[in-house]
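Source file data-v2.cif; content: mmCIF, C-alpha atoms.
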data_model
#
loop_
_atom_site.label_atom_id
_atom_site.label_comp_id
_atom_site.auth_asym_id
_atom_site.auth_seq_id
_atom_site.Cartn_x
_atom_site.Cartn_y
_atom_site.Cartn_z
CA MET W 27 -28.38 -4.30 83.43
CA SER W 28 -27.29 -2.52 80.28
CA ILE W 29 -23.90 -0.91 80.00
CA GLU W 30 -25.53 2.53 79.88
CA ASP W 31 -27.62 1.80 83.01
CA ALA W 32 -24.51 0.63 84.82
CA LYS W 33 -22.70 3.81 83.83
CA HIS W 34 -25.51 5.93 85.27
CA ALA W 35 -25.57 3.87 88.46
CA ILE W 36 -21.83 4.37 88.93
CA GLU W 37 -22.14 8.11 88.32
CA ALA W 38 -25.01 8.38 90.81
CA ALA W 39 -23.06 6.45 93.45
CA ILE W 40 -20.01 8.67 92.92
CA HIS W 41 -22.06 11.83 93.34
CA SER W 42 -23.73 10.52 96.48
CA GLY W 43 -20.46 9.24 97.95
CA ASP W 44 -22.05 5.82 98.56
CA PHE W 45 -19.10 3.46 98.20
CA LYS W 46 -21.13 0.28 98.71
CA SER W 47 -23.47 1.24 95.86
CA MET W 48 -20.46 2.20 93.78
CA GLY W 49 -18.97 -1.28 94.24
CA VAL W 50 -22.24 -2.96 93.31
CA ALA W 51 -22.63 -0.74 90.25
CA VAL W 52 -19.07 -1.46 89.10
CA PHE W 53 -19.68 -5.20 89.54
CA LYS W 54 -22.88 -4.96 87.45
CA ALA W 55 -21.05 -2.94 84.80
CA ILE W 56 -18.36 -5.62 84.56
CA ASN W 57 -21.04 -8.30 84.16
CA ALA W 58 -22.76 -6.26 81.43
CA LEU W 59 -19.46 -5.81 79.59
CA GLU W 60 -18.69 -9.54 79.86
CA GLU W 61 -22.10 -10.37 78.38
CA ARG W 62 -21.54 -7.89 75.54
CA ILE W 63 -18.12 -9.37 74.80
CA LYS W 64 -19.62 -12.88 74.76
CA ARG W 65 -22.31 -11.79 72.25
CA LEU W 66 -19.70 -10.09 70.05
CA GLU W 67 -17.51 -13.20 70.09
CA GLU W 68 -20.49 -15.37 69.13
CA ASP W 69 -21.40 -12.96 66.31
CA ASN W 70 -17.80 -13.00 65.13
CA GLU W 71 -17.75 -16.81 65.01
CA ARG W 72 -21.00 -16.89 63.02
CA LEU W 73 -19.63 -14.37 60.53
CA LYS W 74 -16.37 -16.31 60.17
CA ALA W 75 -18.36 -19.48 59.42
CA ARG W 76 -20.27 -17.67 56.67
CA LEU W 77 -17.05 -16.63 54.96
CA LYS W 78 -15.79 -20.21 54.65
#

Kindly present the structure from the file in structure tokens form.
Amino acid sequence: MSIEDAKHAIEAAIHSGDFKSMGVAVFKAINALEERIKRLEEDNERLKARLK
């Protein structure tokens, strides 16, 4: 799930008052953010290696 999709899922769950869906959406958003951070860290390491 993309970060943007997770954001929309959280917003939809908030508007519907569905707390179970809200929890699932937040969990998916955290996973998406962790994946993004991992990719950014890998990109950062590759760029550092190029500068050496």

Interatomic distance (Å, one decimal) between CA of Gly49 (chain W) and CA of Ala35 (chain W):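 A separation of 10.2 Å between them.
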
Residue nearest Phe53 (chain W) - candidates W:Arg65, W:Arg72, W:Lys33, W:His41, atoms counted: only C-alpha atoms: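 Among the listed residues, the smallest separation from Phe53 (chain W) belongs to W:Lys33.
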
Protein and nucleic acid residues near (-23.1, -3.4, 83.0) (cut-off 10 Å, all atoms listed in the file) as JSON, numbers by chain: {"W": [27, 28, 29, 30, 31, 32, 33, 34, 35, 36, 51, 52, 53, 54, 55, 56, 57, 58, 59, 60, 61, 62]}

Extending 8 Å beyond the listed atoms of region 56-60 of chain W on each side, what axis-aligned box results? I want centre and edge lengths in Å to one decimal, as lines of an AutoDock Vina configuration file.
center_x = -20.6
center_y = -7.6
center_z = 82.1
size_x = 20.4
size_y = 19.9
size_z = 21.0

Atomic separation - CA of Phe45 (chain W) relative to CA of Ile63 (chain W), Å: 26.7 Å

Could you rebuild region 64-75 of chain W with all heavy atoms and give me the result as a tab-separated table (two decimals), keeping the file's coordinate frame?
chain	number	residue	atom	x	y	z
W	64	LYS	N	-19.21	-11.52	75.14
W	64	LYS	CA	-19.62	-12.88	74.76
W	64	LYS	C	-20.49	-12.84	73.50
W	64	LYS	O	-20.28	-13.63	72.58
W	64	LYS	CB	-20.39	-13.51	75.92
W	64	LYS	CG	-20.81	-14.93	75.67
W	64	LYS	CD	-21.54	-15.49	76.87
W	64	LYS	CE	-22.07	-16.88	76.61
W	64	LYS	NZ	-22.86	-17.39	77.73
W	65	ARG	N	-21.45	-11.90	73.44
W	65	ARG	CA	-22.31	-11.79	72.25
W	65	ARG	C	-21.49	-11.42	71.02
W	65	ARG	O	-21.71	-11.95	69.93
W	65	ARG	CB	-23.42	-10.77	72.48
W	65	ARG	CG	-24.54	-11.29	73.37
W	65	ARG	CD	-25.76	-10.40	73.33
W	65	ARG	NE	-25.48	-9.03	73.71
W	65	ARG	CZ	-25.53	-8.55	74.95
W	65	ARG	NH1	-25.85	-9.34	75.94
W	65	ARG	NH2	-25.25	-7.28	75.19
W	66	LEU	N	-20.54	-10.49	71.18
W	66	LEU	CA	-19.70	-10.09	70.05
W	66	LEU	C	-18.84	-11.24	69.56
W	66	LEU	O	-18.68	-11.43	68.34
W	66	LEU	CB	-18.82	-8.90	70.44
W	66	LEU	CG	-19.54	-7.57	70.61
W	66	LEU	CD1	-18.60	-6.54	71.21
W	66	LEU	CD2	-20.12	-7.08	69.29
W	67	GLU	N	-18.31	-12.03	70.48
W	67	GLU	CA	-17.51	-13.20	70.09
W	67	GLU	C	-18.36	-14.21	69.34
W	67	GLU	O	-17.92	-14.79	68.34
W	67	GLU	CB	-16.85	-13.83	71.31
W	67	GLU	CG	-15.73	-13.01	71.89
W	67	GLU	CD	-15.19	-13.54	73.21
W	67	GLU	OE1	-15.88	-14.32	73.89
W	67	GLU	OE2	-14.05	-13.16	73.55
W	68	GLU	N	-19.59	-14.43	69.81
W	68	GLU	CA	-20.49	-15.37	69.13
W	68	GLU	C	-20.84	-14.86	67.73
W	68	GLU	O	-20.85	-15.63	66.77
W	68	GLU	CB	-21.75	-15.58	69.96
W	68	GLU	CG	-21.51	-16.37	71.23
W	68	GLU	CD	-22.68	-16.35	72.18
W	68	GLU	OE1	-23.68	-15.62	71.93
W	68	GLU	OE2	-22.62	-17.07	73.20
W	69	ASP	N	-21.11	-13.56	67.62
W	69	ASP	CA	-21.40	-12.96	66.31
W	69	ASP	C	-20.20	-13.11	65.38
W	69	ASP	O	-20.36	-13.42	64.19
W	69	ASP	CB	-21.76	-11.49	66.44
W	69	ASP	CG	-23.11	-11.27	67.11
W	69	ASP	OD1	-23.89	-12.24	67.25
W	69	ASP	OD2	-23.38	-10.11	67.50
W	70	ASN	N	-19.02	-12.89	65.91
W	70	ASN	CA	-17.80	-13.00	65.13
W	70	ASN	C	-17.62	-14.42	64.60
W	70	ASN	O	-17.28	-14.62	63.42
W	70	ASN	CB	-16.60	-12.58	65.99
W	70	ASN	CG	-15.33	-12.45	65.19
W	70	ASN	OD1	-15.36	-12.03	64.05
W	70	ASN	ND2	-14.22	-12.82	65.81
W	71	GLU	N	-17.88	-15.42	65.44
W	71	GLU	CA	-17.75	-16.81	65.01
W	71	GLU	C	-18.76	-17.14	63.91
W	71	GLU	O	-18.44	-17.83	62.94
W	71	GLU	CB	-17.92	-17.76	66.19
W	71	GLU	CG	-16.76	-17.73	67.16
W	71	GLU	CD	-15.43	-18.08	66.53
W	71	GLU	OE1	-15.38	-19.04	65.72
W	71	GLU	OE2	-14.45	-17.38	66.82
W	72	ARG	N	-19.99	-16.65	64.06
W	72	ARG	CA	-21.00	-16.89	63.02
W	72	ARG	C	-20.58	-16.25	61.69
W	72	ARG	O	-20.74	-16.85	60.62
W	72	ARG	CB	-22.36	-16.35	63.46
W	72	ARG	CG	-23.12	-17.29	64.36
W	72	ARG	CD	-24.57	-16.87	64.49
W	72	ARG	NE	-24.71	-15.63	65.23
W	72	ARG	CZ	-24.76	-15.51	66.56
W	72	ARG	NH1	-24.64	-16.59	67.30
W	72	ARG	NH2	-24.91	-14.34	67.11
W	73	LEU	N	-20.06	-15.05	61.74
W	73	LEU	CA	-19.63	-14.37	60.53
W	73	LEU	C	-18.44	-15.08	59.88
W	73	LEU	O	-18.37	-15.19	58.65
W	73	LEU	CB	-19.30	-12.91	60.82
W	73	LEU	CG	-20.49	-12.02	61.18
W	73	LEU	CD1	-20.02	-10.67	61.67
W	73	LEU	CD2	-21.45	-11.90	60.00
W	74	LYS	N	-17.52	-15.55	60.70
W	74	LYS	CA	-16.37	-16.31	60.17
W	74	LYS	C	-16.86	-17.56	59.45
W	74	LYS	O	-16.35	-17.92	58.38
W	74	LYS	CB	-15.42	-16.71	61.29
W	74	LYS	CG	-14.51	-15.62	61.76
W	74	LYS	CD	-13.58	-16.19	62.82
W	74	LYS	CE	-12.68	-15.17	63.42
W	74	LYS	NZ	-11.82	-15.73	64.49
W	75	ALA	N	-17.84	-18.24	60.02
W	75	ALA	CA	-18.36	-19.48	59.42
W	75	ALA	C	-19.02	-19.18	58.07
W	75	ALA	O	-18.92	-20.00	57.16
W	75	ALA	CB	-19.36	-20.12	60.37
